[in-house]
file coords.csv (CSV, N, CA and C atoms)
chain,number,residue,atom,x,y,z
A,43,MET,N,10.8,-15.6,-4.8
A,43,MET,CA,11.5,-14.6,-5.5
A,43,MET,C,11.2,-13.3,-4.8
A,44,ARG,N,12.1,-12.3,-5.0
A,44,ARG,CA,11.9,-11.0,-4.4
A,44,ARG,C,12.1,-10.0,-5.5
A,45,ALA,N,11.2,-9.0,-5.5
A,45,ALA,CA,11.3,-7.8,-6.4
A,45,ALA,C,11.1,-6.6,-5.5
A,46,SER,N,11.9,-5.5,-5.8
A,46,SER,CA,11.8,-4.3,-5.0
A,46,SER,C,11.7,-3.1,-5.9
A,47,GLY,N,11.3,-2.0,-5.3
A,47,GLY,CA,11.2,-0.7,-6.1
A,47,GLY,C,10.9,0.4,-5.1
A,48,THR,N,10.7,1.6,-5.7
A,48,THR,CA,10.3,2.8,-5.0
A,48,THR,C,9.0,3.2,-5.5
A,49,PHE,N,8.3,4.1,-4.7
A,49,PHE,CA,7.0,4.6,-5.3
A,49,PHE,C,6.8,6.0,-4.8
A,50,THR,N,6.0,6.8,-5.6
A,50,THR,CA,5.6,8.1,-5.2
A,50,THR,C,4.1,8.2,-5.3
A,51,VAL,N,3.6,9.0,-4.4
A,51,VAL,CA,2.1,9.3,-4.4
A,51,VAL,C,1.8,10.4,-5.4
A,52,GLN,N,1.0,10.2,-6.4
A,52,GLN,CA,0.7,11.2,-7.4
A,52,GLN,C,-0.5,12.0,-7.0
A,53,SER,N,-1.4,11.3,-6.3
A,53,SER,CA,-2.6,12.1,-5.8
A,53,SER,C,-3.1,11.4,-4.5
A,54,PHE,N,-3.7,12.3,-3.6
A,54,PHE,CA,-4.3,11.8,-2.4
A,54,PHE,C,-5.6,12.6,-2.3
A,55,VAL,N,-6.7,12.0,-2.4
A,55,VAL,CA,-8.0,12.7,-2.5
A,55,VAL,C,-8.9,12.2,-1.4
A,56,PRO,N,-9.2,13.0,-0.3
A,56,PRO,CA,-10.1,12.5,0.7
A,56,PRO,C,-11.5,12.2,0.1
A,57,ALA,N,-12.1,11.1,0.6
A,57,ALA,CA,-13.4,10.7,0.2
A,57,ALA,C,-14.4,10.9,1.3
A,58,ASP,N,-15.6,11.3,0.9
A,58,ASP,CA,-16.6,11.6,1.9
A,58,ASP,C,-17.4,10.3,2.2
A,59,VAL,N,-16.8,9.4,3.0
A,59,VAL,CA,-17.3,8.2,3.5
A,59,VAL,C,-17.6,8.2,5.0
A,60,LYS,N,-18.8,8.0,5.4
A,60,LYS,CA,-19.1,8.0,6.8
A,60,LYS,C,-19.6,6.6,7.3
A,61,ALA,N,-19.2,6.2,8.4
A,61,ALA,CA,-19.7,4.9,9.0
A,61,ALA,C,-21.1,5.1,9.5
A,62,ASP,N,-21.9,4.1,9.3
A,62,ASP,CA,-23.3,4.1,9.8
A,62,ASP,C,-23.5,2.8,10.6
A,63,PRO,N,-23.7,2.8,11.9
A,63,PRO,CA,-24.0,4.0,12.7
A,63,PRO,C,-22.7,4.8,13.0
A,64,ALA,N,-22.8,6.1,13.2
A,64,ALA,CA,-21.6,6.9,13.6
A,64,ALA,C,-21.2,6.5,15.0
A,65,VAL,N,-19.9,6.3,15.2
A,65,VAL,CA,-19.3,6.0,16.5
A,65,VAL,C,-18.1,7.0,16.7
A,66,THR,N,-18.2,7.7,17.8
A,66,THR,CA,-17.1,8.7,18.1
A,66,THR,C,-16.0,8.1,18.9
A,67,THR,N,-14.8,8.1,18.4
A,67,THR,CA,-13.6,7.6,19.0
A,67,THR,C,-12.6,8.8,19.2
A,68,ALA,N,-11.5,8.5,19.9
A,68,ALA,CA,-10.5,9.6,20.1
A,68,ALA,C,-9.7,9.9,18.8
A,69,LEU,N,-9.7,9.0,17.8
A,69,LEU,CA,-9.1,9.2,16.5
A,69,LEU,C,-10.1,9.0,15.4
A,70,PRO,N,-10.4,10.1,14.6
A,70,PRO,CA,-11.4,9.9,13.6
A,70,PRO,C,-10.9,9.0,12.5
A,71,VAL,N,-11.9,8.2,11.9
A,71,VAL,CA,-11.6,7.4,10.8
A,71,VAL,C,-11.9,8.1,9.5
A,72,THR,N,-10.9,8.1,8.6
A,72,THR,CA,-11.0,8.8,7.3
A,72,THR,C,-10.7,7.9,6.2
A,73,VAL,N,-11.2,8.2,5.0
A,73,VAL,CA,-11.0,7.4,3.8
A,73,VAL,C,-10.5,8.3,2.7
A,74,ALA,N,-9.6,7.9,1.9
A,74,ALA,CA,-9.1,8.6,0.8
A,74,ALA,C,-8.7,7.7,-0.4
A,75,THR,N,-8.7,8.2,-1.6
A,75,THR,CA,-8.2,7.4,-2.7
A,75,THR,C,-6.8,8.0,-3.1
A,76,MET,N,-6.0,7.2,-3.6
A,76,MET,CA,-4.6,7.6,-4.0
A,76,MET,C,-4.3,7.0,-5.4
A,77,GLU,N,-3.4,7.7,-6.1
A,77,GLU,CA,-2.7,7.1,-7.2
A,77,GLU,C,-1.2,7.1,-6.9
A,78,LYS,N,-0.6,5.9,-7.2
A,78,LYS,CA,0.8,5.8,-6.9
A,78,LYS,C,1.5,5.4,-8.2
A,79,ARG,N,2.8,5.8,-8.3
A,79,ARG,CA,3.7,5.3,-9.4
A,79,ARG,C,4.9,4.6,-8.8
A,80,PHE,N,5.2,3.5,-9.5
A,80,PHE,CA,6.3,2.6,-9.0
A,80,PHE,C,7.4,2.5,-10.0
A,81,GLU,N,8.7,2.4,-9.5
A,81,GLU,CA,9.8,2.3,-10.3
A,81,GLU,C,10.8,1.2,-9.8
A,82,GLY,N,11.5,0.6,-10.7
A,82,GLY,CA,12.4,-0.5,-10.2
A,82,GLY,C,12.0,-1.8,-10.7
A,83,GLU,N,12.3,-2.9,-10.0
A,83,GLU,CA,11.8,-4.2,-10.4
A,83,GLU,C,10.3,-4.3,-10.2
A,84,ILE,N,9.7,-3.4,-9.5
A,84,ILE,CA,8.2,-3.2,-9.4
A,84,ILE,C,8.0,-1.9,-10.1
A,85,ALA,N,7.3,-2.0,-11.3
A,85,ALA,CA,7.2,-0.8,-12.1
A,85,ALA,C,5.7,-0.7,-12.6
A,86,GLY,N,5.1,0.5,-12.4
A,86,GLY,CA,3.7,0.6,-12.9
A,86,GLY,C,3.0,1.6,-12.1
A,87,ARG,N,1.7,1.4,-11.9
A,87,ARG,CA,0.8,2.3,-11.1
A,87,ARG,C,-0.1,1.5,-10.3
A,88,ALA,N,-0.7,2.2,-9.3
A,88,ALA,CA,-1.7,1.6,-8.5
A,88,ALA,C,-2.8,2.6,-8.1
A,89,ALA,N,-4.0,2.1,-8.0
A,89,ALA,CA,-5.2,2.8,-7.5
A,89,ALA,C,-5.4,2.3,-6.1
A,90,THR,N,-5.5,3.2,-5.1
A,90,THR,CA,-5.5,2.8,-3.7
A,90,THR,C,-6.7,3.3,-3.0
A,91,VAL,N,-7.3,2.5,-2.1
A,91,VAL,CA,-8.3,3.0,-1.2
A,91,VAL,C,-7.6,2.9,0.2
A,92,PHE,N,-7.5,4.1,0.8
A,92,PHE,CA,-6.7,4.3,2.0
A,92,PHE,C,-7.6,4.7,3.2
A,93,THR,N,-7.6,3.8,4.2
A,93,THR,CA,-8.4,4.1,5.4
A,93,THR,C,-7.5,4.3,6.6
A,94,SER,N,-7.8,5.3,7.4
A,94,SER,CA,-6.9,5.5,8.6
A,94,SER,C,-7.7,6.0,9.8
A,95,ALA,N,-7.1,5.8,11.0
A,95,ALA,CA,-7.5,6.4,12.2
A,95,ALA,C,-6.2,7.1,12.7
A,96,TYR,N,-6.1,8.4,12.6
A,96,TYR,CA,-4.8,9.1,12.7
A,96,TYR,C,-4.9,10.4,13.3
A,97,ASP,N,-4.0,10.8,14.2
A,97,ASP,CA,-3.9,12.1,14.7
A,97,ASP,C,-2.7,12.8,14.0
A,98,GLN,N,-3.0,13.8,13.2
A,98,GLN,CA,-2.0,14.5,12.4
A,98,GLN,C,-0.9,15.2,13.3
A,99,GLU,N,-1.4,15.9,14.4
A,99,GLU,CA,-0.5,16.6,15.2
A,99,GLU,C,0.5,15.7,15.9
A,100,ALA,N,0.0,14.6,16.5
A,100,ALA,CA,0.9,13.7,17.3
A,100,ALA,C,1.6,12.7,16.4
A,101,GLY,N,1.1,12.5,15.2
A,101,GLY,CA,1.6,11.5,14.3
A,101,GLY,C,1.4,10.0,14.8
A,102,VAL,N,0.2,9.8,15.4
A,102,VAL,CA,-0.1,8.5,16.0
A,102,VAL,C,-1.3,8.0,15.3
A,103,GLY,N,-1.3,6.7,14.9
A,103,GLY,CA,-2.4,6.0,14.3
A,103,GLY,C,-2.1,4.8,13.6
A,104,THR,N,-3.1,4.4,12.8
A,104,THR,CA,-3.0,3.1,12.0
A,104,THR,C,-3.7,3.4,10.7
A,105,TYR,N,-3.2,2.7,9.6
A,105,TYR,CA,-3.8,2.8,8.3
A,105,TYR,C,-4.0,1.4,7.8
A,106,VAL,N,-4.9,1.2,6.9
A,106,VAL,CA,-5.1,0.0,6.1
A,106,VAL,C,-5.4,0.5,4.7
A,107,ALA,N,-4.6,-0.1,3.7
A,107,ALA,CA,-4.8,0.3,2.3
A,107,ALA,C,-5.0,-0.9,1.4
A,108,MET,N,-5.9,-0.8,0.5
A,108,MET,CA,-6.1,-1.9,-0.6
A,108,MET,C,-5.7,-1.3,-1.9
A,109,GLU,N,-4.7,-1.9,-2.6
A,109,GLU,CA,-4.2,-1.4,-3.8
A,109,GLU,C,-4.5,-2.3,-5.0
A,110,SER,N,-4.8,-1.7,-6.1
A,110,SER,CA,-5.0,-2.4,-7.4
A,110,SER,C,-3.8,-2.0,-8.2
A,111,PHE,N,-2.8,-2.9,-8.4
A,111,PHE,CA,-1.6,-2.6,-9.1
A,111,PHE,C,-1.6,-3.1,-10.5
A,112,GLU,N,-1.1,-2.3,-11.4
A,112,GLU,CA,-1.0,-2.6,-12.8
A,112,GLU,C,0.4,-2.3,-13.3
A,113,GLY,N,1.1,-3.3,-13.9
A,113,GLY,CA,2.5,-3.0,-14.3
A,113,GLY,C,3.3,-4.3,-14.4
A,114,SER,N,4.5,-4.2,-13.9
A,114,SER,CA,5.4,-5.4,-14.0
A,114,SER,C,6.1,-5.6,-12.7
A,115,VAL,N,6.3,-6.9,-12.4
A,115,VAL,CA,7.0,-7.3,-11.2
A,115,VAL,C,8.0,-8.4,-11.7
A,116,GLY,N,9.3,-8.1,-11.5
A,116,GLY,CA,10.4,-9.0,-11.9
A,116,GLY,C,10.3,-9.3,-13.4
A,117,GLY,N,9.9,-8.3,-14.2
A,117,GLY,CA,9.9,-8.4,-15.6
A,117,GLY,C,8.6,-9.1,-16.2
A,118,ARG,N,7.7,-9.4,-15.3
A,118,ARG,CA,6.4,-10.0,-15.8
A,118,ARG,C,5.3,-9.0,-15.7
A,119,SER,N,4.4,-8.9,-16.7
A,119,SER,CA,3.4,-7.9,-16.7
A,119,SER,C,2.0,-8.4,-16.4
A,120,GLY,N,1.2,-7.6,-15.8
A,120,GLY,CA,-0.1,-7.9,-15.4
A,120,GLY,C,-0.6,-7.0,-14.3
A,121,ALA,N,-1.6,-7.5,-13.6
A,121,ALA,CA,-2.2,-6.7,-12.5
A,121,ALA,C,-2.6,-7.6,-11.4
A,122,PHE,N,-2.7,-7.1,-10.2
A,122,PHE,CA,-3.1,-7.8,-9.0
A,122,PHE,C,-3.4,-6.8,-7.9
A,123,ASN,N,-4.1,-7.3,-6.8
A,123,ASN,CA,-4.4,-6.5,-5.6
A,123,ASN,C,-3.4,-6.9,-4.5
A,124,PHE,N,-3.1,-5.9,-3.7
A,124,PHE,CA,-2.4,-6.2,-2.4
A,124,PHE,C,-2.9,-5.3,-1.3
A,125,VAL,N,-2.8,-5.8,-0.1
A,125,VAL,CA,-3.3,-5.0,1.0
A,125,VAL,C,-2.1,-4.8,2.0
A,126,HIS,N,-2.1,-3.6,2.6
A,126,HIS,CA,-1.0,-3.4,3.6
A,126,HIS,C,-1.5,-2.5,4.7
A,127,SER,N,-0.9,-2.6,5.9
A,127,SER,CA,-1.2,-1.7,7.0
A,127,SER,C,0.0,-1.6,7.9
A,128,ALA,N,-0.1,-0.5,8.7
A,128,ALA,CA,1.0,-0.3,9.7
A,128,ALA,C,0.4,0.7,10.7
A,129,SER,N,1.1,0.7,11.9
A,129,SER,CA,0.8,1.7,12.9
A,129,SER,C,2.0,2.5,13.2
A,130,THR,N,1.8,3.7,13.8
A,130,THR,CA,2.9,4.6,14.2
A,130,THR,C,2.5,5.2,15.5
A,131,SER,N,3.6,5.4,16.3
A,131,SER,CA,3.4,6.1,17.6
A,131,SER,C,4.1,7.5,17.6
A,132,GLY,N,4.4,7.9,16.3
A,132,GLY,CA,5.0,9.2,16.2
A,132,GLY,C,6.2,9.2,15.2
A,133,SER,N,7.2,8.4,15.4
A,133,SER,CA,8.4,8.4,14.6
A,133,SER,C,8.7,7.0,14.1
A,134,ASP,N,7.9,6.1,14.3
A,134,ASP,CA,8.2,4.7,14.0
A,134,ASP,C,7.1,4.1,13.1
A,135,ARG,N,7.4,2.9,12.6
A,135,ARG,CA,6.3,2.1,12.0
A,135,ARG,C,6.4,0.7,12.7
A,136,SER,N,5.2,0.2,13.0
A,136,SER,CA,5.1,-1.1,13.7
A,136,SER,C,3.9,-1.9,13.2
A,137,ALA,N,3.8,-3.1,13.6
A,137,ALA,CA,2.7,-4.0,13.3
A,137,ALA,C,2.4,-3.9,11.7
A,138,GLU,N,3.5,-3.9,11.0
A,138,GLU,CA,3.4,-3.9,9.5
A,138,GLU,C,2.9,-5.2,8.9
A,139,PHE,N,2.1,-5.1,7.8
A,139,PHE,CA,1.6,-6.2,7.2
A,139,PHE,C,1.4,-5.9,5.7
A,140,LEU,N,1.8,-6.8,4.8
A,140,LEU,CA,1.6,-6.7,3.4
A,140,LEU,C,1.3,-8.1,2.8
A,141,ARG,N,0.2,-8.2,2.1
A,141,ARG,CA,-0.1,-9.5,1.5
A,141,ARG,C,-0.7,-9.3,0.1
A,142,ILE,N,-0.2,-10.1,-0.9
A,142,ILE,CA,-0.8,-10.1,-2.2
A,142,ILE,C,-2.1,-10.9,-2.1
A,143,VAL,N,-3.2,-10.3,-2.6
A,143,VAL,CA,-4.5,-10.9,-2.5
A,143,VAL,C,-4.5,-12.2,-3.4
A,144,PRO,N,-4.8,-13.4,-2.8
A,144,PRO,CA,-4.8,-14.6,-3.6
A,144,PRO,C,-5.9,-14.5,-4.8
A,145,ALA,N,-5.6,-15.1,-5.9
A,145,ALA,CA,-6.5,-15.2,-7.0
A,145,ALA,C,-6.7,-13.9,-7.7
A,146,SER,N,-5.9,-12.8,-7.4
A,146,SER,CA,-6.2,-11.5,-8.0
A,146,SER,C,-5.3,-11.2,-9.2
A,147,GLY,N,-4.3,-12.0,-9.5
A,147,GLY,CA,-3.4,-11.7,-10.6
A,147,GLY,C,-4.0,-12.0,-12.0
A,148,THR,N,-3.5,-11.1,-12.9
A,148,THR,CA,-3.9,-11.3,-14.4
A,148,THR,C,-2.6,-11.3,-15.2
A,149,GLY,N,-2.8,-11.7,-16.5
A,149,GLY,CA,-1.7,-11.7,-17.4
A,149,GLY,C,-0.5,-12.6,-16.9
A,150,GLU,N,0.7,-12.1,-17.1
A,150,GLU,CA,1.9,-12.9,-16.7
A,150,GLU,C,2.0,-13.0,-15.1
A,151,LEU,N,1.1,-12.2,-14.4
A,151,LEU,CA,1.1,-12.3,-13.0
A,151,LEU,C,0.0,-13.1,-12.4
A,152,ALA,N,-0.7,-13.8,-13.3
A,152,ALA,CA,-1.8,-14.7,-12.8
A,152,ALA,C,-1.2,-15.7,-11.9
A,153,GLY,N,-1.9,-16.0,-10.8
A,153,GLY,CA,-1.4,-17.0,-9.8
A,153,GLY,C,-0.4,-16.4,-8.9
A,154,ILE,N,-0.1,-15.1,-8.9
A,154,ILE,CA,0.9,-14.5,-8.0
A,154,ILE,C,0.4,-14.6,-6.5
A,155,THR,N,1.2,-15.0,-5.6
A,155,THR,CA,0.9,-15.0,-4.2
A,155,THR,C,2.2,-14.5,-3.4
A,156,GLY,N,2.0,-14.0,-2.2
A,156,GLY,CA,3.1,-13.7,-1.4
A,156,GLY,C,2.9,-12.6,-0.4
A,157,THR,N,4.0,-12.1,0.1
A,157,THR,CA,4.0,-11.1,1.1
A,157,THR,C,4.9,-10.0,0.7
A,158,GLY,N,5.3,-9.1,1.6
A,158,GLY,CA,6.2,-8.0,1.3
A,158,GLY,C,6.3,-7.0,2.4
A,159,GLY,N,6.7,-5.8,2.0
A,159,GLY,CA,6.8,-4.7,3.0
A,159,GLY,C,7.0,-3.4,2.4
A,160,ILE,N,6.9,-2.4,3.2
A,160,ILE,CA,7.1,-1.0,2.8
A,160,ILE,C,8.0,-0.3,3.9
A,161,ALA,N,8.9,0.4,3.4
A,161,ALA,CA,9.8,1.2,4.3
A,161,ALA,C,9.9,2.6,3.8
A,162,VAL,N,10.1,3.5,4.8
A,162,VAL,CA,10.2,5.0,4.4
A,162,VAL,C,11.6,5.4,4.9
A,163,ASP,N,12.5,5.8,4.0
A,163,ASP,CA,13.8,6.3,4.4
A,163,ASP,C,13.8,7.6,5.1
A,164,ALA,N,14.8,8.0,5.7
A,164,ALA,CA,14.9,9.3,6.4
A,164,ALA,C,14.7,10.4,5.5
A,165,ASP,N,15.0,10.3,4.2
A,165,ASP,CA,14.8,11.4,3.2
A,165,ASP,C,13.4,11.4,2.6
A,166,GLY,N,12.6,10.5,3.1
A,166,GLY,CA,11.2,10.4,2.6
A,166,GLY,C,11.0,9.5,1.4
A,167,THR,N,12.0,8.8,0.9
A,167,THR,CA,11.9,7.8,-0.2
A,167,THR,C,11.1,6.6,0.4
A,168,HIS,N,10.0,6.3,-0.4
A,168,HIS,CA,9.2,5.1,-0.1
A,168,HIS,C,9.7,3.9,-0.8
A,169,ARG,N,10.0,2.9,-0.1
A,169,ARG,CA,10.5,1.6,-0.7
A,169,ARG,C,9.4,0.5,-0.5
A,170,ILE,N,9.3,-0.4,-1.5
A,170,ILE,CA,8.4,-1.5,-1.4
A,170,ILE,C,9.1,-2.7,-2.0
A,171,TRP,N,8.7,-3.9,-1.4
A,171,TRP,CA,9.2,-5.2,-1.9
A,171,TRP,C,8.1,-6.2,-1.8
A,172,PHE,N,8.2,-7.2,-2.7
A,172,PHE,CA,7.3,-8.3,-2.7
A,172,PHE,C,8.2,-9.6,-2.6
A,173,ASP,N,7.9,-10.5,-1.7
A,173,ASP,CA,8.4,-11.8,-1.7
A,173,ASP,C,7.3,-12.7,-2.3
A,174,TYR,N,7.5,-13.2,-3.5
A,174,TYR,CA,6.3,-13.7,-4.2
A,174,TYR,C,6.7,-15.0,-4.9
A,175,GLU,N,5.6,-15.7,-5.3
A,175,GLU,CA,5.7,-16.9,-6.1
A,175,GLU,C,4.6,-16.8,-7.2
A,176,LEU,N,4.9,-17.5,-8.3
A,176,LEU,CA,3.9,-17.5,-9.4
A,176,LEU,C,3.6,-19.0,-9.6
A,177,ALA,N,2.3,-19.3,-9.6
A,177,ALA,CA,1.8,-20.7,-9.8
A,177,ALA,C,2.0,-21.1,-11.2
call {"tool": "encode", "arguments": {"input": "coords.csv", "output": "structure tokens"}}
result
Amino acid sequence: MRASGTFTVQSFVPADVKADPAVTTALPVTVATMEKRFEGEIAGRAATVFTSAYDQEAGVGTYVAMESFEGSVGGRSGAFNFVHSASTSGSDRSAEFLRIVPASGTGELAGITGTGGIAVDADGTHRIWFDYELA
């Protein structure tokens, strides 16, 4: 099955997390927490831990995000985790990955598994979809 929707970022809060031992690279690694709101066939909210190595000026880097989603997918309510990542070389997205974390579903979403994706429209609209199955 496929469900899709849009989302907006409600908050983006940098976290003071430092790697130990410290290793200096050309792109600094940062961590932030986020809150997102989803609308459409995917409706609800998510708490996100967002990690990136990114150059703001050049728009180059990679992120990895772990989300804890609560709401509904395809009319079924519950919660689950999903992870996603992507890279950019300035104006593109590549090496994209999204996977629903196995065994993380609750409620009517217990047993959910699958993949999906995120796209950003030219006007800045963030789109998300899940290709999923329910056990």
call {"tool": "residues_around", "arguments": {"input": "coords.csv", "residues": "Val106 of chain A", "least_positions_apart": "2", "cutoff": "6 Å", "atoms": "only N, CA and C atoms", "output": "short mmCIF file (atom, residue, chain, number, x, y, z; two decimals) with N, CA and C atoms, keeping the file's coordinate frame"}}
result
data_model
loop_
_atom_site.label_atom_id
_atom_site.label_comp_id
_atom_site.auth_asym_id
_atom_site.auth_seq_id
_atom_site.Cartn_x
_atom_site.Cartn_y
_atom_site.Cartn_z
N VAL A 91 -7.30 2.50 -2.10
CA VAL A 91 -8.30 3.00 -1.20
C VAL A 91 -7.60 2.90 0.20
N PHE A 92 -7.50 4.10 0.80
CA PHE A 92 -6.70 4.30 2.00
C PHE A 92 -7.60 4.70 3.20
N THR A 93 -7.60 3.80 4.20
CA THR A 93 -8.40 4.10 5.40
C THR A 93 -7.50 4.30 6.60
N SER A 94 -7.80 5.30 7.40
CA SER A 94 -6.90 5.50 8.60
C SER A 94 -7.70 6.00 9.80
N THR A 104 -3.10 4.40 12.80
CA THR A 104 -3.00 3.10 12.00
C THR A 104 -3.70 3.40 10.70
N MET A 108 -5.90 -0.80 0.50
CA MET A 108 -6.10 -1.90 -0.60
C MET A 108 -5.70 -1.30 -1.90
N HIS A 126 -2.10 -3.60 2.60
CA HIS A 126 -1.00 -3.40 3.60
C HIS A 126 -1.50 -2.50 4.70
N SER A 127 -0.90 -2.60 5.90
CA SER A 127 -1.20 -1.70 7.00
C SER A 127 0.00 -1.60 7.90
N ALA A 128 -0.10 -0.50 8.70
CA ALA A 128 1.00 -0.30 9.70
C ALA A 128 0.40 0.70 10.70
#
call {"tool": "closest_residue", "arguments": {"input": "coords.csv", "among": "A:Ala95, A:Ala121, A:Ala45, A:Ile154", "to": "Ala68 of chain A", "atoms": "all atoms listed in the file"}}
result
A:Ala95
call {"tool": "atom_distance", "arguments": {"input": "coords.csv", "atom1": "atom N of Asp165 of chain A", "atom2": "atom C of Ala100 of chain A"}}
result
18.3 Å
call {"tool": "closest_residue", "arguments": {"input": "coords.csv", "among": "A:Thr67, A:Gln52, A:Ser46, A:Thr130", "to": "Gly159 of chain A", "atoms": "only C-alpha atoms"}}
result
A:Ser46
call {"tool": "select_by_dssp", "arguments": {"input": "coords.csv", "residues": "segment 110-151 of chain A", "states": "strand (DSSP E)", "output": "number ranges by chain"}}
result
A: 110-115, 118-131, 136-142
call {"tool": "residues_around", "arguments": {"input": "coords.csv", "residues": "Ala161 of chain A", "least_positions_apart": "5", "cutoff": "6.5 Å", "atoms": "only N, CA and C atoms", "output": "number ranges by chain"}}
result
A: 167-171
call {"tool": "residues_near_point", "arguments": {"input": "coords.csv", "point": "(13.8, 5.7, -10.3)", "cutoff": "7 Å", "atoms": "all atoms listed in the file", "output": "NGL selection string"}}
result
:A and (48 or 81-82)
call {"tool": "closest_residue", "arguments": {"input": "coords.csv", "among": "A:Ser53, A:Thr75, A:Thr148, A:Thr66", "to": "Gly120 of chain A", "atoms": "only C-alpha atoms"}}
result
A:Thr148
call {"tool": "decode", "arguments": {"input": "coords.csv", "residues": "segment 105-143 of chain A", "atoms": "C-alpha atoms", "output": "PDB file, in the first residue's frame"}}
result
ATOM      1  CA  TYR A 105      21.899  14.141   6.916  1.00  0.00           C
ATOM      2  CA  VAL A 106      20.502  11.185   8.836  1.00  0.00           C
ATOM      3  CA  ALA A 107      17.242  11.543  10.773  1.00  0.00           C
ATOM      4  CA  MET A 108      15.394   9.203  13.157  1.00  0.00           C
ATOM      5  CA  GLU A 109      11.715  10.045  13.539  1.00  0.00           C
ATOM      6  CA  SER A 110       9.142   8.906  16.092  1.00  0.00           C
ATOM      7  CA  PHE A 111       5.800   9.372  14.305  1.00  0.00           C
ATOM      8  CA  GLU A 112       2.393   9.459  16.005  1.00  0.00           C
ATOM      9  CA  GLY A 113      -0.820   9.747  14.011  1.00  0.00           C
ATOM     10  CA  SER A 114      -2.450   7.909  11.145  1.00  0.00           C
ATOM     11  CA  VAL A 115      -1.306   6.309   7.908  1.00  0.00           C
ATOM     12  CA  GLY A 116      -3.962   5.320   5.403  1.00  0.00           C
ATOM     13  CA  GLY A 117      -6.658   5.804   8.038  1.00  0.00           C
ATOM     14  CA  ARG A 118      -5.008   3.577  10.669  1.00  0.00           C
ATOM     15  CA  SER A 119      -3.851   5.148  13.949  1.00  0.00           C
ATOM     16  CA  GLY A 120      -0.765   4.444  16.002  1.00  0.00           C
ATOM     17  CA  ALA A 121       2.914   5.249  16.229  1.00  0.00           C
ATOM     18  CA  PHE A 122       6.188   3.965  14.762  1.00  0.00           C
ATOM     19  CA  ASN A 123       9.763   4.980  14.001  1.00  0.00           C
ATOM     20  CA  PHE A 124      11.301   5.635  10.608  1.00  0.00           C
ATOM     21  CA  VAL A 125      14.773   6.628   9.500  1.00  0.00           C
ATOM     22  CA  HIS A 126      15.775   8.626   6.435  1.00  0.00           C
ATOM     23  CA  SER A 127      18.855  10.191   4.909  1.00  0.00           C
ATOM     24  CA  ALA A 128      19.960  12.053   1.806  1.00  0.00           C
ATOM     25  CA  SER A 129      22.938  13.903   0.392  1.00  0.00           C
ATOM     26  CA  THR A 130      23.119  17.115  -1.602  1.00  0.00           C
ATOM     27  CA  SER A 131      25.791  18.718  -3.738  1.00  0.00           C
ATOM     28  CA  GLY A 132      24.032  22.088  -3.726  1.00  0.00           C
ATOM     29  CA  SER A 133      20.763  21.948  -5.636  1.00  0.00           C
ATOM     30  CA  ASP A 134      19.928  18.238  -5.729  1.00  0.00           C
ATOM     31  CA  ARG A 135      19.082  15.309  -3.465  1.00  0.00           C
ATOM     32  CA  SER A 136      20.819  11.975  -3.959  1.00  0.00           C
ATOM     33  CA  ALA A 137      21.507   8.695  -2.167  1.00  0.00           C
ATOM     34  CA  GLU A 138      18.053   8.971  -0.581  1.00  0.00           C
ATOM     35  CA  PHE A 139      16.926   6.333   1.901  1.00  0.00           C
ATOM     36  CA  LEU A 140      13.775   5.900   4.013  1.00  0.00           C
ATOM     37  CA  ARG A 141      12.840   2.802   5.999  1.00  0.00           C
ATOM     38  CA  ILE A 142      10.164   2.121   8.612  1.00  0.00           C
ATOM     39  CA  VAL A 143      11.901   0.606  11.642  1.00  0.00           C
TER      40      VAL A 143
END
